[in-house]
Amino acid sequence: MTVHAEPRRETVNRLGLWLFFCSEFFLFAALFAARFYLAGPYHAKVNQPLGLAITLVLLVSGFTAYRAEAGIRRGDRSAFLRNLLVTILLGLVFLAGVGVEWATAEFAPSSIFGTAFFTMTGVHASHVLSGVVAFALAYRLGLRGHFSAERHWGVEALVKYWYLIDVVWVFFFPVLYLVRA
Amino acid sequence: MVTRAVEQQSHGGPWTAFLPLVRGLVWAMIGFAVGAALTAVVRIAGGRSAWTFGLSFSVGYVFALLGWLLGVGMWERWGREWFGRPTVEEGPTDWRRYLAFTTDHKVIGIQYLATFVVVFLLAGLLAMLIRIQYLTPGGTVLDNATYNRVMSMHGILMIAVAVAIFVGSFGNYLLPIMIGARDVAFPRLNALSYWLVPPVAILLFVSQAFGGWDSGWTAYAPLSVRNAPGQILFCLAIITFGLSSIVGGLNFLVTIITMRAHGMTWGRLPIFVWSIFATSWIALLFTQFFAAAMLMVLLDRIAGTSFFAASNGGSAILYQHVFWFYSHPAVYIFIMPALGVTLEVLSHFSRKPLFAYRWAVGGFLGILAMSALVWVHHMFVTGVPYKLEAPFLITTEIISIPTGLIFLTALGTIWQGRLWLRVPMLFALAEVFNFLIGGITGIFLADVPTDAMLHNSYWVVAHFHYTIMGGEIFALMAAIYYWFPKMTGRMYSERVGRLHFALMFIAFNGTFLPMFWAGVHGMNRRIATYVPSLQGVNDLISAMGFLLGISFLFFVANMAYSLVRGRKAVANPWGARTLEWQTSSPPPVENFLVPPVVTGHPYDYGVPGAAPYAAFAPAGGSGEASS
Ligand SMILES: [Cu+2]
């Protein structure tokens with residue numbers, strides 16, 4: 001690669017963001033591996049329809065997050081704000097769904113599947129929560145006229161972070177809800 | 001109101017230096033109250049008691065940590081931005097900046113160095129306490145429970161030093177200068193990574209009020225799930241420290257990849273930068289496993305999960321897998337920067353090109369690639385499946401090949417060199433010597449049959465003190481003496497430095513070499529007493545151990561005196577080629593008055609017709625900077 005004394009700020013930021021994702025991958029991989037180490041492919045009776053529903057909600061929120069970023073990229077502030085708001089609401093619906101799942105689960109955290117289930121969904125949900133809080137701050141900034149077609153690194157970073165959360169769930173959902181001994 | 005606070009900082013009396021710290025503590029307490037109250041609300045709504053130590057403390061701590069960071073200065077520099085307000089960039093510029101949330105990498109480097117030298121000396125005092133305990137075989141100074149806590153505290157403080165002192169101090173202070181950059185890629189993240197450290201220290205010390213913890217630095221389950229509540233604070237401390245480590249690693253990687261000066265190709269990087277590059281990958285990725293292990297312990301304790309509860313189907317061996325998947329690679333976080341500095345110093349003080357530069361780089365990258373494939377060698381006697389043992393024996397033997405490459409590079413560099421035996425060089429040579437003993441004695445722990453005999457004996461203690469203290473801390477001393485003139489603008493006392501070296505080298509070997517013998521003869525590690533027949537060797541170890549402690553008094557005295565009274569240092573007292581010596585001592589705020597353009601190789605000492613390492617074009621001269 002060519003060597004620049006002063007690289008473009010976005011290049012630097014993007015590289016940092018992707019390295020952060022690599023690091024996060026290791027955290028989720030640790031939990032993923034622990035789940036199989038402890039319980040093998042076994043899973044207790046889970047609420048599959050509810051699991052499928054919140055999965056769909058999260059996937060759709062990934063799409064609206066993409067629409068929000070596309071909006072600000074072309075300078076369409078109202079599309080940006082509208083889609084961002086929908087994403088926040090879908091994120092909250094997902095969290096509520098996880099809450100219902102936790103409250104109605106037929107297995108205890110002390111069971112071996114429960115240990116894996118509550119830990120994996122809990123760590124994932126805490127990421128969703130942090131994403132929702134950050135999106136809410138971005139929404140507030142957007143309302144006050146921050147971000148533009150040229151300057152929206154914060155939005156880009158958060159949306160990519162949201163994709164990470166989506167992708168992790170795409171792996172967590174089948175190993176928590178679908179695999180069977 | 002905020003601007004007023006900043007003005008007070010730059011114009012008020014000396015006491016204003018402590019304002020950020022006081023505010024951080026106050027905000028932390030407020031945060032703790034908020035977190036504990038939230039927990040109480042949720043629990044009361046669920047019909048349970050408002051306070052339960054583990055959960056309430058943990059949630060409170062999360063908020064307290066946020067409060068501390070914002071209070072100590074992150075709010076002005078960063079947090080205001082999240083609410084669309086302008087950040088406050090000016091802060092104190094005199095000595096008070098060392099107590100503030102400052103983004104200057106040189107200030108952060110000094111903050112790290114000062115903090116961890118203090119931690120190192122404190123942990124050393126605990127080692128002295130352990131030696132006092134061992135003055136008699138029955139050990140009456142500490143009762144068994146207290147001994148376990150002292151040993152655990154000594155362990156984790158030293159591990160923290162080993163993780164952070166190289167990367168945090170010299171990585172921060174020197175790496176940007178060595179690649180010709182003005183600062184790191186993310187200065188605010190850099191400040192964040194440092195200010196995450198004080199809460200770690202506070203937690204570890206406060207944990208002693210909650211019974212401490214007696215599970216060693218490794219915190220093996222199931223003991224760590226059942227012992228005193230101090231263990232909970234330990235887990236929170238480690239997770240926080242891990243975050244600091246990850247953020248630091250990320251920052252260095254991006255800095256090395258994107259911030260190099262013109263002409264600073266990968267083949268011209270100083271070898272120390274390469275070692276930090278490989279180290280940073282390990283910190284970035286594997287640290288998550290340490291955090292995950294601590295999270296599992298925490299959840300077993302406060303949320304009723306059963307990761308390590310065998311009665312419910314959990315497995316304590318899972319803990320060791322997750323833990324060692326980080327903690328073996330972590331030893332390369334300790335040793336790679338140390339090897340990098342050693343090669344650096346050996347080349348500069350042998351007045352010879354670094355021998356087989358490319359092979360040394362290959363060695364660092366080889367260690368990085370292999371580091372995740374050897375962790376089970378810590379578990380040969382803990383009941384892992386038999387069929388896992390041979391593969392991990394073999395991978396462990398194989399990883400000594402890249403390490404050996406670096407070692408051969410060191411030998412090749414001093415071979416037929418004109419050794420200039422100043423204090424940094426003495427320490428670098430000693431590092432090579434000690435690390436050789438550490439490496440050879442490790443073979444017996446990598447081989448399953450011998451490990452079965454030596455496991456949990458003093459052989460292990462001797463082996464890792466040879467690699468970590470003999471390897472890393474000797475290299476740390478080389479680094480401190482080598483860069484002291486650059487960082488402070490003053491020279492240390494060569495005579496006192498040599499005395500320190502002689503004492504430390506003799507006392508170190510006198511302390512740890514007999515430990516191999518003691519281990520083979522049945523001395524167990526992590527036990528408050530030993531069999532009376534080993535009293536003689538323990539007396540020798542203790543005497544040498546105290547001498548080792550005393551040697552650091554000469555070090556501290558030398559540094560303290562030279563800092564104030566030392567002779568003024570010139571820009572390049574060692575006649576070295578690398579970039580940090582091509583700027584003033586200490587360097588100006590943005591490191592170079594004129595940005596450097598690298599034109600040669602860093603180690604072309606005595607090479608006829610070698611190009612100079614760097615040229616300094618007039619500021620704004622060439623238009624190359626834009627692309
Ligand atoms: Cu190891």
# chains A, B, ... in the order shown; residues from 1 in each chain; ligands from 1
call {"tool": "residues_near_ligand", "arguments": {"ligand": "ligand 1", "cutoff": "8 Å", "atoms": "only C-alpha atoms and all ligand atoms", "output": "list in words"}}
result
Trp324, Ser327, His328, Pro329, Val331, Val374, Trp375, Val376, His377 and His378 of chain B
call {"tool": "residues_around", "arguments": {"residues": "segment 314-322 of chain B", "least_positions_apart": "4", "cutoff": "9 Å", "atoms": "only C-alpha atoms", "output": "JSON, numbers by chain"}}
result
{"A": [30, 34, 37, 38, 39, 111, 112, 115], "B": [218, 220, 221, 222, 289, 290, 292, 293, 296, 297, 306, 307, 308, 309, 310, 326, 327, 375, 376, 378, 379, 382, 383, 384]}
call {"tool": "write_last_selection", "arguments": {"atoms": "C-alpha atoms", "output": "PDB file, in the first residue's frame"}}
result
ATOM      1  CA  ALA A  30     -16.259 -17.614  23.220  1.00  0.00           C
ATOM      2  CA  ALA A  34     -19.059 -22.517  25.539  1.00  0.00           C
ATOM      3  CA  TYR A  37     -18.970 -27.359  25.207  1.00  0.00           C
ATOM      4  CA  LEU A  38     -21.548 -27.414  27.990  1.00  0.00           C
ATOM      5  CA  ALA A  39     -24.740 -28.620  26.352  1.00  0.00           C
ATOM      6  CA  SER A 111     -29.880 -25.494  34.065  1.00  0.00           C
ATOM      7  CA  ILE A 112     -27.116 -26.160  31.616  1.00  0.00           C
ATOM      8  CA  THR A 115     -26.846 -20.988  31.380  1.00  0.00           C
TER       9      THR A 115
ATOM     10  CA  THR B 218      -5.699 -17.340  37.447  1.00  0.00           C
ATOM     11  CA  TYR B 220      -9.731 -20.936  38.694  1.00  0.00           C
ATOM     12  CA  ALA B 221     -13.310 -22.083  39.027  1.00  0.00           C
ATOM     13  CA  PRO B 222     -14.941 -23.588  41.021  1.00  0.00           C
ATOM     14  CA  PHE B 289     -11.624 -14.500  26.296  1.00  0.00           C
ATOM     15  CA  PHE B 290     -10.295 -13.281  29.629  1.00  0.00           C
ATOM     16  CA  ALA B 292     -15.581 -13.847  28.877  1.00  0.00           C
ATOM     17  CA  ALA B 293     -14.079 -16.089  31.572  1.00  0.00           C
ATOM     18  CA  MET B 296     -18.911 -16.451  33.368  1.00  0.00           C
ATOM     19  CA  VAL B 297     -17.579 -16.463  36.938  1.00  0.00           C
ATOM     20  CA  SER B 306     -24.035 -23.016  36.069  1.00  0.00           C
ATOM     21  CA  PHE B 307     -21.021 -22.603  33.803  1.00  0.00           C
ATOM     22  CA  PHE B 308     -18.736 -24.161  36.366  1.00  0.00           C
ATOM     23  CA  ALA B 309     -21.224 -25.926  38.654  1.00  0.00           C
ATOM     24  CA  ALA B 310     -20.590 -29.609  38.027  1.00  0.00           C
ATOM     25  CA  TYR B 326      -6.320 -15.731  26.398  1.00  0.00           C
ATOM     26  CA  SER B 327      -3.691 -16.232  29.005  1.00  0.00           C
ATOM     27  CA  TRP B 375      -3.123 -23.227  25.428  1.00  0.00           C
ATOM     28  CA  VAL B 376      -3.847 -26.787  26.548  1.00  0.00           C
ATOM     29  CA  HIS B 378      -1.438 -25.470  30.923  1.00  0.00           C
ATOM     30  CA  MET B 379      -3.998 -28.221  31.434  1.00  0.00           C
ATOM     31  CA  THR B 382      -6.267 -31.144  34.922  1.00  0.00           C
ATOM     32  CA  GLY B 383      -8.112 -33.894  33.121  1.00  0.00           C
ATOM     33  CA  VAL B 384      -8.300 -32.884  29.484  1.00  0.00           C
TER      34      VAL B 384
END
call {"tool": "interface_residues", "arguments": {"of": "chain A", "to": "chain B", "cutoff": "9 Å", "atoms": "only C-alpha atoms", "output": "mmCIF file with N, CA and C atoms, in the first residue's frame"}}
result
data_model
loop_
_atom_site.group_PDB
_atom_site.id
_atom_site.type_symbol
_atom_site.label_atom_id
_atom_site.label_comp_id
_atom_site.auth_asym_id
_atom_site.auth_seq_id
_atom_site.Cartn_x
_atom_site.Cartn_y
_atom_site.Cartn_z
ATOM 1 N N MET A 1 0.839 -1.193 0.000
ATOM 2 C CA MET A 1 0.000 0.000 0.000
ATOM 3 C C MET A 1 0.879 1.250 0.000
ATOM 4 N N THR A 2 0.323 2.325 -0.493
ATOM 5 C CA THR A 2 1.081 3.572 -0.476
ATOM 6 C C THR A 2 1.053 4.158 0.923
ATOM 7 N N VAL A 3 2.028 4.956 1.198
ATOM 8 C CA VAL A 3 2.190 5.461 2.547
ATOM 9 C C VAL A 3 1.886 6.947 2.579
ATOM 10 N N HIS A 4 0.937 7.303 3.417
ATOM 11 C CA HIS A 4 0.579 8.703 3.537
ATOM 12 C C HIS A 4 0.861 9.185 4.941
ATOM 13 N N ALA A 5 1.459 10.352 5.044
ATOM 14 C CA ALA A 5 1.720 10.886 6.374
ATOM 15 C C ALA A 5 0.405 11.256 7.047
ATOM 16 N N GLU A 6 -0.533 11.791 6.297
ATOM 17 C CA GLU A 6 -1.821 12.170 6.868
ATOM 18 C C GLU A 6 -2.917 11.436 6.105
ATOM 19 N N PRO A 7 -3.306 10.240 6.549
ATOM 20 C CA PRO A 7 -4.315 9.485 5.827
ATOM 21 C C PRO A 7 -5.684 10.157 5.970
ATOM 22 N N ARG A 8 -6.608 9.769 5.112
ATOM 23 C CA ARG A 8 -7.954 10.324 5.228
ATOM 24 C C ARG A 8 -8.565 9.838 6.527
ATOM 25 N N THR A 11 -10.701 6.690 6.417
ATOM 26 C CA THR A 11 -9.958 5.428 6.301
ATOM 27 C C THR A 11 -9.538 4.954 7.679
ATOM 28 N N VAL A 12 -9.004 5.884 8.451
ATOM 29 C CA VAL A 12 -8.547 5.550 9.797
ATOM 30 C C VAL A 12 -9.721 5.055 10.640
ATOM 31 N N ASN A 13 -10.818 5.810 10.605
ATOM 32 C CA ASN A 13 -11.985 5.439 11.412
ATOM 33 C C ASN A 13 -12.527 4.071 11.017
ATOM 34 N N LEU A 15 -11.043 1.551 9.548
ATOM 35 C CA LEU A 15 -10.148 0.468 9.970
ATOM 36 C C LEU A 15 -10.342 0.187 11.458
ATOM 37 N N GLY A 16 -10.426 1.251 12.239
ATOM 38 C CA GLY A 16 -10.632 1.074 13.681
ATOM 39 C C GLY A 16 -11.928 0.343 13.961
ATOM 40 N N LEU A 19 -11.623 -3.363 13.133
ATOM 41 C CA LEU A 19 -10.821 -4.070 14.139
ATOM 42 C C LEU A 19 -11.654 -4.303 15.406
ATOM 43 N N PHE A 20 -12.472 -3.303 15.761
ATOM 44 C CA PHE A 20 -13.357 -3.477 16.912
ATOM 45 C C PHE A 20 -14.300 -4.659 16.671
ATOM 46 N N CYS A 22 -13.692 -7.270 14.820
ATOM 47 C CA CYS A 22 -12.900 -8.499 14.968
ATOM 48 C C CYS A 22 -12.825 -8.886 16.439
ATOM 49 N N SER A 23 -12.601 -7.880 17.285
ATOM 50 C CA SER A 23 -12.496 -8.139 18.715
ATOM 51 C C SER A 23 -13.818 -8.667 19.262
ATOM 52 N N GLU A 24 -14.922 -8.026 18.886
ATOM 53 C CA GLU A 24 -16.247 -8.464 19.330
ATOM 54 C C GLU A 24 -16.539 -9.890 18.877
ATOM 55 N N PHE A 25 -16.062 -10.208 17.670
ATOM 56 C CA PHE A 25 -16.269 -11.560 17.156
ATOM 57 C C PHE A 25 -15.714 -12.587 18.132
ATOM 58 N N PHE A 26 -14.557 -12.289 18.724
ATOM 59 C CA PHE A 26 -13.952 -13.235 19.665
ATOM 60 C C PHE A 26 -14.803 -13.400 20.917
ATOM 61 N N LEU A 27 -15.421 -12.315 21.372
ATOM 62 C CA LEU A 27 -16.292 -12.429 22.551
ATOM 63 C C LEU A 27 -17.466 -13.354 22.250
ATOM 64 N N PHE A 28 -18.118 -13.111 21.108
ATOM 65 C CA PHE A 28 -19.284 -13.932 20.769
ATOM 66 C C PHE A 28 -18.862 -15.371 20.483
ATOM 67 N N ALA A 30 -16.497 -16.957 21.929
ATOM 68 C CA ALA A 30 -16.259 -17.614 23.220
ATOM 69 C C ALA A 30 -17.574 -18.157 23.776
ATOM 70 N N LEU A 31 -18.630 -17.343 23.715
ATOM 71 C CA LEU A 31 -19.920 -17.781 24.244
ATOM 72 C C LEU A 31 -20.494 -18.911 23.391
ATOM 73 N N ALA A 34 -18.699 -22.042 24.194
ATOM 74 C CA ALA A 34 -19.059 -22.517 25.539
ATOM 75 C C ALA A 34 -20.412 -23.215 25.517
ATOM 76 N N TYR A 37 -19.800 -26.615 24.260
ATOM 77 C CA TYR A 37 -18.970 -27.359 25.207
ATOM 78 C C TYR A 37 -19.823 -27.878 26.358
ATOM 79 N N LEU A 38 -20.748 -27.036 26.821
ATOM 80 C CA LEU A 38 -21.548 -27.414 27.990
ATOM 81 C C LEU A 38 -22.709 -28.327 27.623
ATOM 82 N N ALA A 39 -23.458 -27.958 26.594
ATOM 83 C CA ALA A 39 -24.740 -28.620 26.352
ATOM 84 C C ALA A 39 -24.769 -29.432 25.073
ATOM 85 N N ALA A 108 -34.590 -22.892 33.958
ATOM 86 C CA ALA A 108 -33.952 -21.951 34.876
ATOM 87 C C ALA A 108 -32.559 -21.587 34.377
ATOM 88 N N PRO A 109 -32.033 -20.432 34.793
ATOM 89 C CA PRO A 109 -30.659 -20.086 34.432
ATOM 90 C C PRO A 109 -29.660 -21.109 34.971
ATOM 91 N N SER A 110 -30.041 -21.827 36.010
ATOM 92 C CA SER A 110 -29.096 -22.772 36.597
ATOM 93 C C SER A 110 -29.034 -24.076 35.820
ATOM 94 N N SER A 111 -29.997 -24.300 34.908
ATOM 95 C CA SER A 111 -29.880 -25.494 34.065
ATOM 96 C C SER A 111 -28.778 -25.250 33.040
ATOM 97 N N ILE A 112 -28.292 -26.320 32.453
ATOM 98 C CA ILE A 112 -27.116 -26.160 31.616
ATOM 99 C C ILE A 112 -27.465 -25.439 30.307
ATOM 100 N N GLY A 114 -30.057 -23.387 30.100
ATOM 101 C CA GLY A 114 -30.406 -22.037 30.556
ATOM 102 C C GLY A 114 -29.175 -21.162 30.719
ATOM 103 N N THR A 115 -28.102 -21.734 31.229
ATOM 104 C CA THR A 115 -26.846 -20.988 31.380
ATOM 105 C C THR A 115 -26.415 -20.403 30.038
ATOM 106 N N ALA A 116 -26.400 -21.267 29.020
ATOM 107 C CA ALA A 116 -25.981 -20.800 27.695
ATOM 108 C C ALA A 116 -26.999 -19.819 27.129
ATOM 109 N N PHE A 118 -29.422 -17.845 28.559
ATOM 110 C CA PHE A 118 -29.547 -16.518 29.168
ATOM 111 C C PHE A 118 -28.277 -15.697 28.969
ATOM 112 N N THR A 119 -27.122 -16.361 28.983
ATOM 113 C CA THR A 119 -25.883 -15.605 28.792
ATOM 114 C C THR A 119 -25.782 -15.073 27.361
ATOM 115 N N ALA A 134 -27.371 4.585 21.453
ATOM 116 C CA ALA A 134 -26.547 5.390 20.550
ATOM 117 C C ALA A 134 -27.384 5.930 19.389
ATOM 118 N N LEU A 137 -29.304 8.902 20.579
ATOM 119 C CA LEU A 137 -28.473 10.112 20.607
ATOM 120 C C LEU A 137 -28.296 10.655 19.184
ATOM 121 N N ALA A 138 -28.071 9.748 18.221
ATOM 122 C CA ALA A 138 -27.893 10.173 16.834
ATOM 123 C C ALA A 138 -29.174 10.815 16.306
ATOM 124 N N ARG A 140 -31.400 12.424 18.060
ATOM 125 C CA ARG A 140 -31.500 13.742 18.666
ATOM 126 C C ARG A 140 -30.589 14.720 17.919
ATOM 127 N N LEU A 141 -29.373 14.270 17.621
ATOM 128 C CA LEU A 141 -28.449 15.123 16.876
ATOM 129 C C LEU A 141 -29.016 15.432 15.496
ATOM 130 N N ARG A 144 -31.474 18.119 15.363
ATOM 131 C CA ARG A 144 -30.892 19.447 15.534
ATOM 132 C C ARG A 144 -30.018 19.844 14.356
ATOM 133 N N HIS A 146 -27.538 18.088 12.822
ATOM 134 C CA HIS A 146 -26.218 17.508 12.627
ATOM 135 C C HIS A 146 -26.289 16.465 11.515
#
call {"tool": "residues_around", "arguments": {"residues": "Leu343 of chain B", "least_positions_apart": "3", "cutoff": "6 Å", "atoms": "only C-alpha atoms", "output": "list in words"}}
result
Gly340, Leu346 and Ala410 of chain B
call {"tool": "select_by_dssp", "arguments": {"residues": "segment 110-151 of chain A", "states": "alpha helix (DSSP H)", "output": "count of residues only"}}
result
32
call {"tool": "atom_distance", "arguments": {"atom1": "atom CA of Gly131 of chain A", "atom2": "atom CA of Phe21 of chain A"}}
result
13.8 Å
call {"tool": "closest_residue", "arguments": {"among": "A:Ser78, A:Leu89, A:Leu58, A:Phe147", "to": "Ala125 of chain A", "atoms": "only C-alpha atoms"}}
result
A:Leu58
call {"tool": "closest_residue", "arguments": {"among": "B:Met559, B:Leu593, B:Met491, B:Met515", "to": "Leu540 of chain B", "atoms": "only C-alpha atoms"}}
result
B:Met515
call {"tool": "select_by_dssp", "arguments": {"residues": "segment 369-581 of chain B", "states": "strand (DSSP E or B)", "output": "VMD selection string"}}
result
chain B and resid 457 490 524 568
call {"tool": "write_last_selection", "arguments": {"atoms": "all heavy atoms", "output": "mmCIF file, in the first residue's frame"}}
result
data_model
loop_
_atom_site.group_PDB
_atom_site.id
_atom_site.type_symbol
_atom_site.label_atom_id
_atom_site.label_comp_id
_atom_site.auth_asym_id
_atom_site.auth_seq_id
_atom_site.Cartn_x
_atom_site.Cartn_y
_atom_site.Cartn_z
ATOM 1 N N SER B 457 4.796 -27.103 40.971
ATOM 2 C CA SER B 457 5.964 -27.039 41.840
ATOM 3 C C SER B 457 6.653 -25.692 41.621
ATOM 4 O O SER B 457 6.259 -24.907 40.752
ATOM 5 C CB SER B 457 6.938 -28.163 41.509
ATOM 6 O OG SER B 457 7.653 -27.833 40.332
ATOM 7 N N ARG B 490 17.121 14.482 30.233
ATOM 8 C CA ARG B 490 18.274 14.427 31.141
ATOM 9 C C ARG B 490 18.909 13.051 31.091
ATOM 10 O O ARG B 490 18.264 12.076 30.750
ATOM 11 C CB ARG B 490 17.845 14.743 32.573
ATOM 12 C CG ARG B 490 17.439 16.195 32.752
ATOM 13 C CD ARG B 490 17.039 16.475 34.164
ATOM 14 N NE ARG B 490 16.547 17.839 34.293
ATOM 15 C CZ ARG B 490 17.330 18.890 34.516
ATOM 16 N NH1 ARG B 490 18.631 18.738 34.644
ATOM 17 N NH2 ARG B 490 16.807 20.092 34.623
ATOM 18 N N ASN B 524 6.077 -27.051 46.743
ATOM 19 C CA ASN B 524 4.856 -26.717 46.014
ATOM 20 C C ASN B 524 4.691 -25.219 45.917
ATOM 21 O O ASN B 524 4.999 -24.492 46.860
ATOM 22 C CB ASN B 524 3.641 -27.293 46.727
ATOM 23 C CG ASN B 524 3.552 -28.782 46.547
ATOM 24 O OD1 ASN B 524 3.764 -29.283 45.447
ATOM 25 N ND2 ASN B 524 3.270 -29.496 47.619
ATOM 26 N N LYS B 568 21.941 17.580 31.364
ATOM 27 C CA LYS B 568 21.036 17.744 30.220
ATOM 28 C C LYS B 568 21.439 16.772 29.104
ATOM 29 O O LYS B 568 22.622 16.604 28.823
ATOM 30 C CB LYS B 568 21.127 19.172 29.683
ATOM 31 C CG LYS B 568 20.404 20.187 30.551
ATOM 32 C CD LYS B 568 19.063 20.580 29.919
ATOM 33 C CE LYS B 568 18.359 21.698 30.693
ATOM 34 N NZ LYS B 568 17.874 21.287 32.027
#
call {"tool": "closest_residue", "arguments": {"among": "A:Arg74, A:Arg14, A:Lys45, A:Arg35", "to": "Ala149 of chain A", "atoms": "only C-alpha atoms"}}
result
A:Arg74
call {"tool": "residues_around", "arguments": {"residues": "Ala17 of chain B", "least_positions_apart": "2", "cutoff": "7 Å", "atoms": "only C-alpha atoms", "output": "PDB file with N, CA, C and O atoms, in the first residue's frame"}}
result
ATOM      1  N   GLN B   9      -8.190  25.401  36.161  1.00  0.00           N
ATOM      2  CA  GLN B   9      -7.140  24.399  36.065  1.00  0.00           C
ATOM      3  C   GLN B   9      -5.845  24.993  35.562  1.00  0.00           C
ATOM      4  O   GLN B   9      -4.769  24.648  36.014  1.00  0.00           O
ATOM      5  N   PRO B  14      -1.720  24.904  42.817  1.00  0.00           N
ATOM      6  CA  PRO B  14      -1.376  23.500  42.529  1.00  0.00           C
ATOM      7  C   PRO B  14      -2.505  22.532  42.868  1.00  0.00           C
ATOM      8  O   PRO B  14      -2.630  21.490  42.227  1.00  0.00           O
ATOM      9  N   TRP B  15      -3.315  22.882  43.864  1.00  0.00           N
ATOM     10  CA  TRP B  15      -4.367  21.952  44.270  1.00  0.00           C
ATOM     11  C   TRP B  15      -5.359  21.706  43.148  1.00  0.00           C
ATOM     12  O   TRP B  15      -6.031  20.676  43.129  1.00  0.00           O
ATOM     13  N   LEU B  19      -8.511  18.470  40.778  1.00  0.00           N
ATOM     14  CA  LEU B  19      -9.938  18.654  40.486  1.00  0.00           C
ATOM     15  C   LEU B  19     -10.513  17.547  39.613  1.00  0.00           C
ATOM     16  O   LEU B  19     -11.560  16.986  39.941  1.00  0.00           O
ATOM     17  N   ARG B  96       0.341  19.608  35.604  1.00  0.00           N
ATOM     18  CA  ARG B  96      -1.009  19.168  35.965  1.00  0.00           C
ATOM     19  C   ARG B  96      -1.649  18.289  34.902  1.00  0.00           C
ATOM     20  O   ARG B  96      -2.583  17.556  35.168  1.00  0.00           O
ATOM     21  N   LEU B  99      -2.249  14.614  35.466  1.00  0.00           N
ATOM     22  CA  LEU B  99      -3.375  14.154  36.280  1.00  0.00           C
ATOM     23  C   LEU B  99      -4.696  14.432  35.571  1.00  0.00           C
ATOM     24  O   LEU B  99      -5.747  14.470  36.206  1.00  0.00           O
TER      25      LEU B  99
END
call {"tool": "atom_distance", "arguments": {"atom1": "atom CA of Gln535 of chain B", "atom2": "atom CA of Ala507 of chain B"}}
result
18.6 Å
call {"tool": "closest_residue", "arguments": {"among": "B:Arg23, B:Arg188, B:Lys387, B:His105", "to": "Glu89 of chain B", "atoms": "only C-alpha atoms"}}
result
B:Arg188
call {"tool": "residues_around", "arguments": {"residues": "Ala65 of chain A", "least_positions_apart": "4", "cutoff": "7 Å", "atoms": "only C-alpha atoms", "output": "ChimeraX atom specification"}}
result
/A:61,69,83-84,87,159
call {"tool": "write_last_selection", "arguments": {"atoms": "N, CA, C and O atoms", "output": "short mmCIF file (atom, residue, chain, number, x, y, z; two decimals), in the first residue's frame"}}
result
data_model
loop_
_atom_site.label_atom_id
_atom_site.label_comp_id
_atom_site.auth_asym_id
_atom_site.auth_seq_id
_atom_site.Cartn_x
_atom_site.Cartn_y
_atom_site.Cartn_z
N SER A 61 -35.03 -4.44 11.06
CA SER A 61 -34.39 -3.24 11.60
C SER A 61 -33.04 -3.02 10.92
O SER A 61 -32.60 -1.88 10.76
N GLU A 69 -29.07 5.20 6.70
CA GLU A 69 -27.75 5.65 6.26
C GLU A 69 -27.80 6.11 4.81
O GLU A 69 -27.21 7.13 4.45
N ASN A 83 -36.36 6.62 9.03
CA ASN A 83 -35.87 5.24 9.12
C ASN A 83 -35.12 4.97 10.42
O ASN A 83 -35.18 3.87 10.96
N LEU A 84 -34.44 6.00 10.90
CA LEU A 84 -33.71 5.82 12.17
C LEU A 84 -34.71 5.57 13.29
O LEU A 84 -34.52 4.70 14.15
N THR A 87 -35.98 2.14 13.14
CA THR A 87 -34.95 1.21 13.62
C THR A 87 -34.92 1.16 15.14
O THR A 87 -34.86 0.09 15.75
N VAL A 159 -24.56 2.29 12.17
CA VAL A 159 -25.30 1.36 11.32
C VAL A 159 -24.49 0.08 11.09
O VAL A 159 -25.02 -1.03 11.15
#
call {"tool": "residues_around", "arguments": {"residues": "Arg67 of chain A", "least_positions_apart": "4", "cutoff": "9 Å", "atoms": "only C-alpha atoms", "output": "MDAnalysis selection string"}}
result
chainID A and resid 62:63 71:72 79:80 83:84
call {"tool": "residues_around", "arguments": {"residues": "Lys352 of chain B", "least_positions_apart": "3", "cutoff": "9 Å", "atoms": "only C-alpha atoms", "output": "VMD selection string"}}
result
chain B and resid 346 to 349 355 413 to 414 416 to 418 603 to 607
